[in-house]
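K.L.:
Structure file upload.txt (compact mmCIF, C-alpha atoms and all ligand atoms) is given on the next line.
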# COMPACT_ATOMS: atom_id res chain seq x y z
CA MET D 1 6.14 9.95 133.88
CA LEU D 2 4.37 6.99 132.36
CA GLU D 3 4.60 3.93 134.53
CA SER D 4 1.99 1.32 133.65
CA LEU D 5 1.02 1.08 130.00
CA ALA D 6 -2.09 -0.66 128.62
CA PRO D 7 -2.91 -1.24 124.93
CA ALA D 8 -5.35 1.66 124.54
CA ARG D 9 -2.82 4.16 125.86
CA LEU D 10 -0.07 2.55 123.81
CA GLU D 11 -2.08 3.31 120.66
CA ARG D 12 -2.49 6.93 121.70
CA LEU D 13 1.21 7.16 122.54
CA LEU D 14 2.22 5.75 119.15
CA SER D 15 -0.17 8.05 117.33
CA CYS D 16 0.65 11.29 119.20
CA PRO D 17 2.79 11.61 122.38
CA LEU D 18 1.35 15.08 123.01
CA ARG D 19 -2.10 13.55 123.46
CA VAL D 20 -0.73 11.38 126.28
CA ALA D 21 0.90 14.46 127.79
CA PHE D 22 -2.54 16.12 127.89
CA GLU D 23 -3.84 13.06 129.73
CA GLN D 24 -0.93 13.12 132.15
CA ALA D 25 -1.69 16.75 132.89
CA GLY D 26 -5.18 15.77 133.96
CA GLU D 27 -6.95 17.09 130.86
CA PHE D 28 -9.95 14.92 130.19
CA GLY D 29 -11.15 16.59 127.02
CA GLY D 30 -14.47 18.09 126.05
CA ARG D 31 -16.43 15.19 124.65
CA LYS D 32 -18.86 12.91 126.48
CA SER D 33 -18.81 9.16 125.92
CA SER D 34 -20.48 8.46 122.59
CA SER D 35 -23.55 6.42 121.79
CA ALA D 36 -21.22 3.98 119.97
CA ALA D 37 -19.29 3.50 123.20
CA LEU D 38 -22.50 2.95 125.14
CA VAL D 39 -23.75 0.32 122.67
CA GLY D 40 -20.29 -1.26 122.83
CA ARG D 41 -20.59 -1.54 126.61
CA ALA D 42 -23.96 -3.22 126.22
CA VAL D 43 -22.51 -5.67 123.70
CA HIS D 44 -19.54 -6.53 125.93
CA ARG D 45 -21.73 -7.02 128.97
CA THR D 46 -24.18 -9.18 127.02
CA ILE D 47 -21.39 -11.50 125.86
CA GLU D 48 -20.06 -11.64 129.40
CA LEU D 49 -23.48 -12.65 130.72
CA VAL D 50 -23.98 -15.26 127.99
CA LEU D 51 -20.56 -16.84 128.55
CA SER D 52 -21.08 -16.96 132.28
CA ARG D 53 -24.23 -19.05 131.76
CA LYS D 54 -24.45 -22.58 130.54
CA GLU D 55 -27.64 -22.41 128.47
CA GLY D 56 -27.83 -22.23 124.67
CA VAL D 57 -27.02 -19.03 122.85
CA SER D 58 -30.21 -18.38 120.90
CA GLU D 59 -32.39 -18.32 124.03
CA GLU D 60 -29.88 -16.38 126.05
CA VAL D 61 -28.94 -13.39 123.91
CA GLY D 62 -32.27 -11.62 124.28
CA SER D 63 -32.48 -11.87 128.06
CA ALA D 64 -28.77 -11.14 128.51
CA TRP D 65 -29.10 -8.05 126.29
CA GLU D 66 -32.03 -6.82 128.35
CA GLU D 67 -30.14 -7.45 131.59
CA ALA D 68 -27.06 -5.62 130.27
CA CYS D 69 -29.17 -2.65 129.18
CA ASP D 70 -31.00 -2.62 132.51
CA GLU D 71 -27.66 -2.40 134.30
CA LEU D 72 -26.58 0.53 132.13
CA ALA D 73 -29.96 2.21 132.56
CA ALA D 74 -29.55 1.94 136.33
CA GLU D 75 -26.27 3.85 135.91
CA GLY D 76 -28.17 6.53 133.98
CA GLU D 77 -27.54 5.57 130.33
CA ASP D 78 -29.96 3.19 128.62
CA PRO D 79 -28.64 2.21 125.16
CA ARG D 80 -31.92 0.66 123.94
CA ALA D 81 -33.27 3.90 122.47
CA LEU D 82 -30.13 4.55 120.42
CA PRO D 83 -30.47 4.07 116.65
CA THR D 84 -27.60 1.55 116.47
CA ALA D 85 -28.75 -0.58 119.40
CA ARG D 86 -31.18 -2.83 117.51
CA ARG D 87 -28.63 -3.54 114.78
CA ALA D 88 -25.98 -4.40 117.39
CA ARG D 89 -28.35 -6.80 119.10
CA LEU D 90 -29.24 -8.52 115.80
CA ARG D 91 -25.56 -8.88 114.94
CA LEU D 92 -24.91 -10.33 118.37
CA GLU D 93 -27.63 -12.93 117.87
CA ALA D 94 -26.17 -13.84 114.50
CA ARG D 95 -22.52 -13.98 115.55
CA LEU D 96 -22.50 -15.22 119.13
CA PRO D 97 -22.88 -18.91 118.21
CA GLU D 98 -19.51 -18.58 116.45
CA LEU D 99 -17.89 -17.43 119.68
CA ARG D 100 -19.61 -20.15 121.67
CA ASP D 101 -18.33 -22.78 119.21
CA PHE D 102 -14.84 -21.32 119.44
CA VAL D 103 -14.97 -21.61 123.23
CA ALA D 104 -16.61 -25.06 123.18
CA GLN D 105 -13.79 -26.43 121.04
CA ARG D 106 -11.36 -25.50 123.81
CA LEU D 107 -13.25 -27.01 126.75
CA PRO D 108 -12.72 -28.11 129.41
CA ALA D 109 -11.27 -24.74 130.31
CA GLU D 110 -11.65 -21.94 132.78
CA LEU D 111 -13.13 -18.78 131.26
CA LEU D 112 -11.70 -15.62 132.76
CA LEU D 113 -13.78 -12.57 131.87
CA GLU D 114 -12.06 -9.18 131.92
CA GLU D 115 -9.11 -10.51 133.89
CA THR D 116 -6.42 -7.88 134.33
CA LEU D 117 -2.94 -9.10 133.44
CA THR D 118 0.01 -7.12 134.73
CA SER D 119 3.70 -7.60 134.25
CA VAL D 120 5.15 -6.15 137.44
CA ALA D 121 8.68 -6.03 136.05
CA SER D 122 7.79 -4.11 132.87
CA GLY D 123 4.70 -2.18 133.97
CA LEU D 124 2.78 -3.40 130.93
CA THR D 125 -0.82 -4.24 131.69
CA GLY D 126 -4.04 -5.14 129.92
CA THR D 127 -7.51 -6.54 130.38
CA PRO D 128 -8.62 -8.86 127.57
CA ASP D 129 -12.35 -9.45 127.30
CA LEU D 130 -11.90 -13.23 127.51
CA LEU D 131 -9.14 -15.59 128.55
CA ILE D 132 -9.69 -19.28 127.85
CA VAL D 133 -7.39 -21.27 130.12
CA GLY D 134 -7.39 -24.99 129.36
CA SER D 135 -4.97 -27.33 127.61
CA SER D 136 -4.05 -24.18 125.68
CA VAL D 137 -4.44 -20.53 126.62
CA VAL D 138 -6.28 -18.14 124.28
CA VAL D 139 -6.96 -14.40 124.56
CA VAL D 140 -10.02 -13.02 122.82
CA ASP D 141 -11.10 -9.40 122.48
CA TYR D 142 -14.53 -8.31 121.25
CA LYS D 143 -15.12 -5.54 118.70
CA THR D 144 -18.42 -4.18 117.44
CA GLY D 145 -17.03 -3.05 114.07
CA VAL D 146 -14.85 -4.23 111.20
CA VAL D 147 -11.38 -5.39 112.33
CA ALA D 148 -9.75 -6.34 109.02
CA GLU D 149 -9.80 -4.99 105.47
CA GLU D 150 -8.96 -7.51 102.74
CA GLU D 151 -7.60 -9.86 105.41
CA VAL D 152 -5.23 -7.23 106.81
CA LEU D 153 -5.88 -6.64 110.49
CA GLU D 154 -6.20 -3.08 111.78
CA PRO D 155 -2.71 -2.54 113.31
CA GLY D 156 -3.98 -1.26 116.65
CA TYR D 157 -6.14 -4.34 117.18
CA ARG D 158 -3.27 -6.61 116.16
CA ARG D 159 -0.97 -4.93 118.70
CA GLN D 160 -3.65 -5.06 121.38
CA VAL D 161 -4.18 -8.81 121.14
CA ALA D 162 -0.43 -9.43 120.81
CA LEU D 163 0.21 -7.45 123.99
CA TYR D 164 -2.48 -9.40 125.84
CA ALA D 165 -0.89 -12.63 124.61
CA TRP D 166 2.54 -11.46 125.80
CA LEU D 167 1.10 -10.71 129.26
CA ALA D 168 -0.82 -14.01 129.39
CA ALA D 169 2.29 -15.95 128.35
CA GLU D 170 4.13 -14.39 131.29
CA ARG D 171 1.25 -15.22 133.68
CA PHE D 172 0.70 -18.82 132.55
CA GLY D 173 4.21 -19.72 131.39
CA THR D 174 3.05 -21.00 128.01
CA PRO D 175 2.65 -19.62 124.48
CA VAL D 176 -0.80 -18.08 124.02
CA ASP D 177 -3.12 -18.00 121.02
CA GLY D 178 -5.13 -14.90 120.17
CA ALA D 179 -8.28 -13.91 118.31
CA LEU D 180 -10.66 -11.04 117.79
CA PHE D 181 -14.40 -11.58 117.88
CA SER D 182 -16.01 -9.00 115.62
CA LEU D 183 -19.77 -8.52 115.43
CA ARG D 184 -19.23 -7.77 111.73
CA GLN D 185 -16.66 -10.40 110.82
CA GLY D 186 -16.82 -13.15 113.44
CA ILE D 187 -13.72 -14.85 114.80
CA ILE D 188 -10.48 -13.51 113.30
CA PRO D 189 -7.23 -15.21 114.41
CA VAL D 190 -4.36 -12.92 115.42
CA ASP D 191 -0.67 -13.73 115.06
CA THR D 192 0.63 -14.28 118.59
CA SER D 193 3.87 -16.03 117.68
CA THR D 194 6.70 -15.42 120.11
CA ASP D 195 8.46 -13.09 117.68
CA GLU D 196 5.30 -11.05 117.11
CA VAL D 197 4.37 -10.59 120.77
CA ASN D 198 7.97 -9.82 121.76
CA ASP D 199 8.13 -7.23 118.99
CA VAL D 200 4.95 -5.52 120.20
CA ALA D 201 6.12 -5.54 123.83
CA ARG D 202 9.46 -4.04 122.74
CA THR D 203 7.63 -1.33 120.76
CA ALA D 204 5.56 -0.48 123.84
CA LEU D 205 8.56 -0.31 126.15
CA GLU D 206 10.57 1.81 123.71
CA ALA D 207 7.68 4.25 123.20
CA ARG D 208 7.24 4.63 126.94
CA ALA D 209 11.01 5.07 127.51
CA ALA D 210 11.12 7.80 124.83
CA PHE D 211 8.15 9.57 126.41
CA ASN D 212 9.67 9.40 129.90
CA ALA D 213 13.06 10.61 128.65
CA ARG D 214 11.37 13.84 127.46
CA VAL D 215 9.59 14.49 130.79
CA PRO D 216 9.26 17.24 132.05
CA GLY D 217 9.92 18.76 128.63
CA PRO D 218 7.41 18.99 125.80
CA GLN D 219 6.18 15.96 123.93
CA PRO D 220 6.07 15.97 120.12
CA ALA D 221 2.74 16.45 118.40
CA ALA D 222 1.72 14.41 115.37
CA PRO D 223 -1.29 16.25 113.95
CA SER D 224 -3.27 14.35 111.35
CA GLU D 225 -6.88 14.27 110.33
CA ALA D 226 -7.26 10.76 111.76
CA ALA D 227 -5.45 11.33 115.08
CA CYS D 228 -6.88 14.79 115.82
CA GLY D 229 -10.36 13.69 114.80
CA ARG D 230 -10.38 11.16 117.64
CA CYS D 231 -8.61 13.41 120.13
CA PRO D 232 -10.68 14.98 122.91
CA HIS D 233 -8.02 17.70 123.39
CA VAL D 234 -8.18 19.07 119.85
CA CYS D 235 -9.72 22.42 120.76
CA LYS D 236 -6.91 23.20 123.21
CA CYS D 237 -4.10 21.85 121.08
CA ASP D 238 -2.05 24.73 119.64
CA GLU D 239 -0.01 22.32 117.52
CA ALA D 240 -3.10 20.96 115.79
CA TRP D 241 -4.41 24.47 115.06
CA ALA D 242 -1.00 25.58 113.79
CA ALA D 243 -0.91 22.60 111.42
CA LEU D 244 -4.44 23.37 110.20
CA ILE D 245 -3.79 27.07 109.67
CA ALA D 246 -0.51 26.33 107.89
CA GLY D 247 -2.29 23.87 105.59
CA GLU D 248 -0.25 20.90 106.83
CA VAL D 249 -3.50 19.10 107.61
CA ALA D 250 -6.73 19.77 105.73
CA ARG D 251 -9.06 19.13 108.65
CA LEU D 252 -9.04 18.22 112.32
CA GLY D 253 -11.20 15.13 111.84
CA TRP D 254 -14.79 15.18 110.69
CA GLY D 255 -16.58 18.52 110.30
CA GLU D 256 -15.56 22.15 110.52
CA ALA D 257 -13.08 23.56 113.02
CA VAL D 258 -12.81 27.28 113.81
CA ARG D 259 -10.95 29.37 116.35
CA GLY D 260 -10.92 33.06 117.17
CA ALA D 261 -12.22 35.83 119.42
CA LEU D 262 -15.92 36.39 120.13
CA ASP D 263 -17.02 39.70 118.70
CA SER D 264 -20.51 39.89 120.21
CA ASP D 265 -22.30 38.72 123.30
CA VAL D 266 -23.22 35.05 123.57
CA LEU D 267 -26.98 34.64 123.03
CA ILE D 268 -28.62 31.85 125.01
CA ALA D 269 -32.16 30.93 123.91
CA GLY D 270 -34.92 29.69 126.17
CA SER D 271 -34.14 26.18 124.91
CA GLY D 272 -30.72 26.47 126.55
CA MET D 273 -28.90 26.52 123.21
CA ALA D 274 -26.42 29.31 122.53
CA ALA D 275 -25.26 31.23 119.46
CA LEU D 276 -21.70 32.57 119.17
CA VAL D 277 -20.06 34.84 116.64
CA ILE D 278 -16.32 34.79 115.93
CA GLY D 279 -15.33 37.98 114.15
CA ASP D 280 -12.22 36.79 112.34
CA ALA D 281 -12.09 33.00 112.50
CA ALA D 282 -9.19 30.80 111.46
CA GLY D 283 -9.57 27.14 110.60
CA THR D 284 -11.56 25.27 107.99
CA GLN D 285 -13.76 28.38 107.65
CA ARG D 286 -12.42 31.90 107.76
CA GLY D 287 -13.75 35.35 108.45
CA ARG D 288 -16.93 36.12 110.33
CA VAL D 289 -18.49 32.85 111.47
CA SER D 290 -21.55 32.24 113.61
CA ILE D 291 -22.10 28.98 115.45
CA ILE D 292 -25.55 27.92 116.63
CA ASP D 293 -27.06 25.20 118.84
CA VAL D 294 -24.08 25.21 121.22
CA PRO D 295 -25.09 23.87 124.66
CA GLY D 296 -25.47 26.98 126.77
CA ALA D 297 -23.80 25.41 129.80
CA LEU D 298 -20.52 25.22 127.86
CA VAL D 299 -20.37 28.91 127.05
CA THR D 300 -21.87 30.48 130.16
CA GLY D 301 -19.50 33.22 131.27
CA CYS D 302 -17.90 33.78 127.86
CA VAL D 303 -17.65 37.47 126.97
CA VAL D 304 -16.71 39.57 123.97
CA GLY D 305 -13.00 39.22 123.24
CA ASP D 306 -12.67 35.68 124.62
CA GLU D 307 -10.70 33.33 122.40
CA VAL D 308 -12.68 30.15 121.72
CA ALA D 309 -12.14 27.04 119.61
CA LEU D 310 -14.71 24.62 118.27
CA ALA D 311 -14.32 21.43 116.22
CA GLY D 312 -16.57 18.77 114.74
CA LEU D 313 -19.19 21.30 113.59
CA GLY D 314 -21.73 20.90 110.80
CA ILE D 315 -22.44 23.54 108.16
CA ARG D 316 -25.75 25.40 108.45
CA SER D 317 -25.12 27.92 105.68
CA SER D 318 -22.15 29.00 103.64
CA ASP D 319 -23.10 32.62 102.92
CA PRO D 320 -23.04 34.04 105.52
CA ILE D 321 -21.01 31.29 107.20
CA ALA D 322 -23.06 29.61 109.90
CA LEU D 323 -21.99 26.39 111.60
CA ARG D 324 -23.93 24.24 114.00
CA TRP D 325 -23.14 22.09 116.98
CA ILE D 326 -23.49 18.33 116.41
CA THR D 327 -24.20 16.26 119.49
CA GLU D 328 -21.40 13.75 120.17
CA ALA D 329 -19.23 15.12 117.36
CA SER D 330 -18.60 18.72 118.40
CA GLN D 331 -16.14 20.03 120.97
CA PHE D 332 -15.63 23.47 122.52
CA ALA D 333 -12.91 25.14 124.53
CA ARG D 334 -12.49 28.63 125.93
CA LEU D 335 -8.82 29.42 125.58
CA VAL D 336 -7.17 31.43 128.32
S1 LIG M 401 -5.16 17.34 118.68
FE1 LIG M 401 -3.88 16.07 117.34
S2 LIG M 401 -1.80 16.90 117.60
FE2 LIG M 401 -3.03 17.66 119.32
S3 LIG M 401 -2.73 16.19 120.98
FE3 LIG M 401 -4.56 15.55 119.88
S4 LIG M 401 -3.81 14.06 118.36
FE4 LIG M 401 -2.03 15.21 119.07
Spit out the file's structure as structure tokens when you get a sec.
Ligand code: SF4

P.N.:
Amino acid sequence: MLESLAPARLERLLSCPLRVAFEQAGEFGGRKSSSAALVGRAVHRTIELVLSRKEGVSEEVGSAWEEACDELAAEGEDPRALPTARRARLRLEARLPELRDFVAQRLPAELLLEETLTSVASGLTGTPDLLIVGSSVVVVDYKTGVVAEEEVLEPGYRRQVALYAWLAAERFGTPVDGALFSLRQGIIPVDTSTDEVNDVARTALEARAAFNARVPGPQPAAPSEAACGRCPHVCKCDEAWAALIAGEVARLGWGEAVRGALDSDVLIAGSGMAALVIGDAAGTQRGRVSIIDVPGALVTGCVVGDEVALAGLGIRSSDPIALRWITEASQFARLV
């Protein structure tokens, strides 16, 4: 059963209830956190550090960025060497004054950073990046990418901020304004009118009620290139493979996706990378398919006859068909 519901899970629930069922079953998927996510953490932490200080923005971004990256490095993941890190830092330096001005216009106010808001009665919950609590209350969420195309907000981001505003209105007993702060597009206001936030909260509660009404039965799948391409459970999802094989979806996200039985022993090179051969693959490539550069640790123990599935693969050659593992994009599962 789903009890509490936060915006990120709401989006997954609206896009594919089966994906949430995988999560509920304790399946955590086969993909590590991406470099984009790591740079995003550095960006969020840098903004948090800058807003918690009183000094000017231009001097502060550099040292705050270094401090944020040092913290992540101490946890084992330093984003500074990633190709997108420098660009993110430059965008931060260019855009942060806009956020500081936005905040300054609402002072005096208390700034609550990553404050969790929970509606005990409904079970809805969320943690906006920034809550400005002064003569008015404003929720702000940070995004590293584009949030609107031709002035139309990405629906998931619109729902996210509206849900935060609904929760903040319950906490503070006042209507709440909302905005996104995008490193690409700056401050973008979000409609947080009473009708809008009530509508989003109702959507969330109805989606959760429908999910819970089906428990312990199966949840419906909604395979699509977009949804399955972001899903960490795609290799194990029979519904997604059935849709691909039936031609109902052309791909399972970016790259090639193949499934079938191994017809020769797994070869693991001295580098630790493995090569697999599927004798009669189904998916975006068919027939005899070899896959190279697979991390050996993933396939240790696989034997001839095992059914395996891989997604997010690049093409090495088309005749004979050879695919290759792409770090951060590819996924693997041994199906039992
Ligand atoms: S792979 Fe696609 S259909 Fe399967 S759970 Fe994930 S999003 Fe849903």

K.L.:
Do you have the atom CA of Ala42 of chain D-atom CA of Glu60 of chain D distance handy?

P.N.:
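Between these atoms lies a distance of 14.4 Å.
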
K.L.:
Counting only C-alpha atoms and all ligand atoms, figure out which residue out of D:Val140, D:Cys69, D:Ala36, D:Val234 gets nearest to ligand LIG 401 (chain M).

P.N.:
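So, comparing all the options, the nearest one is D:Val234.
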
K.L.:
What is the distance, in Å and to one decimal place, between atom CA of Ala257 of chain D and atom CA of Pro79 of chain D?

P.N.:
29.1 Å

K.L.:
Neighbours of ligand LIG 401 (chain M) within 6 Å, counting all atoms listed in the file, as a VMD selection string?

P.N.:
chain D and resid 16 18 to 19 221 to 223 227 to 228 231 233 to 234 237 239 to 240

K.L.:
Write a file of the just-selected residues containing C-alpha atoms, as an mmCIF file, in the frame of the given file.

P.N.:
data_model
loop_
_atom_site.group_PDB
_atom_site.id
_atom_site.type_symbol
_atom_site.label_atom_id
_atom_site.label_comp_id
_atom_site.auth_asym_id
_atom_site.auth_seq_id
_atom_site.Cartn_x
_atom_site.Cartn_y
_atom_site.Cartn_z
ATOM 1 C CA CYS D 16 0.650 11.290 119.200
ATOM 2 C CA LEU D 18 1.350 15.080 123.010
ATOM 3 C CA ARG D 19 -2.100 13.550 123.460
ATOM 4 C CA ALA D 221 2.740 16.450 118.400
ATOM 5 C CA ALA D 222 1.720 14.410 115.370
ATOM 6 C CA PRO D 223 -1.290 16.250 113.950
ATOM 7 C CA ALA D 227 -5.450 11.330 115.080
ATOM 8 C CA CYS D 228 -6.880 14.790 115.820
ATOM 9 C CA CYS D 231 -8.610 13.410 120.130
ATOM 10 C CA HIS D 233 -8.020 17.700 123.390
ATOM 11 C CA VAL D 234 -8.180 19.070 119.850
ATOM 12 C CA CYS D 237 -4.100 21.850 121.080
ATOM 13 C CA GLU D 239 -0.010 22.320 117.520
ATOM 14 C CA ALA D 240 -3.100 20.960 115.790
#

K.L.:
Would you mind telling me which residue in D:Gly26, D:Gly314, D:Pro17, D:Gly255 lies nearest to Pro218 of chain D when using only C-alpha atoms?

P.N.:
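Under the stated criterion, the closest residue is D:Pro17.
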
K.L.:
Within 12 Å of Ala94 of chain D, counting only C-alpha atoms, which residues qualify if same-chain residues fewer than 4 places away don't, as a ChimeraX atom specification?

P.N.:
/D:57-58,61-62,87-90,98-100,182-186

K.L.:
Distance cut-off 12 Å, centre (-25.1, 25.4, 105.7) in file coordinates, counting all atoms listed in the file: which residues qualify? Return them as a list in words.

P.N.:
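Counting all atoms listed in the file, I find these residues within 12 Å of (-25.1, 25.4, 105.7): Gly255, Glu256, Gln285, Val289, Ser290, Ile291, Ile292, Leu313, Gly314, Ile315, Arg316, Ser317, Ser318, Asp319, Pro320, Ile321, Ala322, Leu323, Arg324 and Trp325 of chain D.
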
K.L.:
Taking into account only C-alpha atoms, which residue in the set D:Glu48, D:Glu77, D:Asp265, D:Glu170 is nearest to Ser34 of chain D?

P.N.:
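Answer, going by the shortest atom-to-atom distance: D:Glu77.
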
K.L.:
I'd like the contact shell of Pro189 of chain D - 8 Å cut-off, only C-alpha atoms, skipping same-chain residues fewer than 5 positions apart - returned as a ChimeraX atom specification.

P.N.:
/D:178-180

K.L.:
Scan for residues within 10 Å of the point (-5.8, -8.3, 108.2) in the coordinates of the file, using all atoms listed in the file, and reply as a list in words.

P.N.:
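Every polymer residue passing the test: Val147, Ala148, Glu149, Glu150, Glu151, Val152, Leu153, Glu154, Pro155, Tyr157, Arg158, Ile188, Pro189 and Val190 of chain D.
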
K.L.:
For C-alpha atoms, I'd like the residues from the last selection saved as a JSON list (two decimals), keeping the file's coordinate frame.

P.N.:
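Saved as again-v2.json:
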[["chain", "number", "residue", "atom", "x", "y", "z"],
["D", 147, "VAL", "CA", -11.38, -5.39, 112.33],
["D", 148, "ALA", "CA", -9.75, -6.34, 109.02],
["D", 149, "GLU", "CA", -9.80, -4.99, 105.47],
["D", 150, "GLU", "CA", -8.96, -7.51, 102.74],
["D", 151, "GLU", "CA", -7.60, -9.86, 105.41],
["D", 152, "VAL", "CA", -5.23, -7.23, 106.81],
["D", 153, "LEU", "CA", -5.88, -6.64, 110.49],
["D", 154, "GLU", "CA", -6.20, -3.08, 111.78],
["D", 155, "PRO", "CA", -2.71, -2.54, 113.31],
["D", 157, "TYR", "CA", -6.14, -4.34, 117.18],
["D", 158, "ARG", "CA", -3.27, -6.61, 116.16],
["D", 188, "ILE", "CA", -10.48, -13.51, 113.30],
["D", 189, "PRO", "CA", -7.23, -15.21, 114.41],
["D", 190, "VAL", "CA", -4.36, -12.92, 115.42]]

K.L.:
Do a neighbour search on Ala8 of chain D at 10 Å with all atoms listed in the file, toss out local chain neighbours closer than 6 positions, and write the hits as a list in words.

P.N.:
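Selected residues are Gly126, Gly156, Tyr157, Arg159 and Gln160 of chain D.
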
K.L.:
Of the residues D:Val120, D:Ala207, D:Val50, D:Ala282, which is the one nearest to Arg171 of chain D, using only C-alpha atoms?

P.N.:
D:Val120

K.L.:
Near Pro175 of chain D, counting all atoms listed in the file, which residues have an atom at most 10 Å away, once you skip same-chain residues fewer than 4 positions from it, shown as an MDAnalysis selection string?

P.N.:
chainID D and resid 136:138 165:166 168:170 192:194 197

K.L.:
Would you save the residues of that selection, restricted to C-alpha atoms, as a short mmCIF file (atom, residue, chain, number, x, y, z; two decimals), keeping the file's coordinate frame?

P.N.:
data_model
loop_
_atom_site.label_atom_id
_atom_site.label_comp_id
_atom_site.auth_asym_id
_atom_site.auth_seq_id
_atom_site.Cartn_x
_atom_site.Cartn_y
_atom_site.Cartn_z
CA SER D 136 -4.05 -24.18 125.68
CA VAL D 137 -4.44 -20.53 126.62
CA VAL D 138 -6.28 -18.14 124.28
CA ALA D 165 -0.89 -12.63 124.61
CA TRP D 166 2.54 -11.46 125.80
CA ALA D 168 -0.82 -14.01 129.39
CA ALA D 169 2.29 -15.95 128.35
CA GLU D 170 4.13 -14.39 131.29
CA THR D 192 0.63 -14.28 118.59
CA SER D 193 3.87 -16.03 117.68
CA THR D 194 6.70 -15.42 120.11
CA VAL D 197 4.37 -10.59 120.77
#

K.L.:
Could you check how far atom CA of Asn212 of chain D sits from atom CA of Leu2 of chain D, in Å to one decimal?

P.N.:
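Atom CA of Asn212 of chain D sits 6.3 Å away from atom CA of Leu2 of chain D.
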
K.L.:
If we count only C-alpha atoms and set the cut-off at 8 Å, which residues sit around segment 131-134 of chain D, ignoring sequence neighbours fewer than 6 positions away in its own chain? Please answer as a list in words.

P.N.:
Val103, Arg106, Leu107, Pro108, Ala109, Glu110, Leu111, Leu112, Leu113, Glu114, Glu115 and Val140 of chain D

K.L.:
Find, counting only C-alpha atoms, the residue in D:Ala74, D:Ala269, D:Ala226, D:Leu14 that gets nearest to Val249 of chain D.

P.N.:
D:Ala226

K.L.:
Which one of D:Glu328, D:Glu3, D:Asp177, D:Asp238 sits closest to Ala209 of chain D if you count only C-alpha atoms?

P.N.:
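Between D:Glu328, D:Glu3, D:Asp177, D:Asp238, the residue approaching Ala209 of chain D most closely is D:Glu3.
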
K.L.:
Is it possible to get the axis-aligned box enclosing segment 272-277 of chain D (all listed atoms, 3 Å extra per side) as JSON, with centre and edge lengths in Å rounded to one decimal?

P.N.:
{"center_x": -25.4, "center_y": 30.7, "center_z": 121.6, "size_x": 16.7, "size_y": 14.4, "size_z": 15.9}
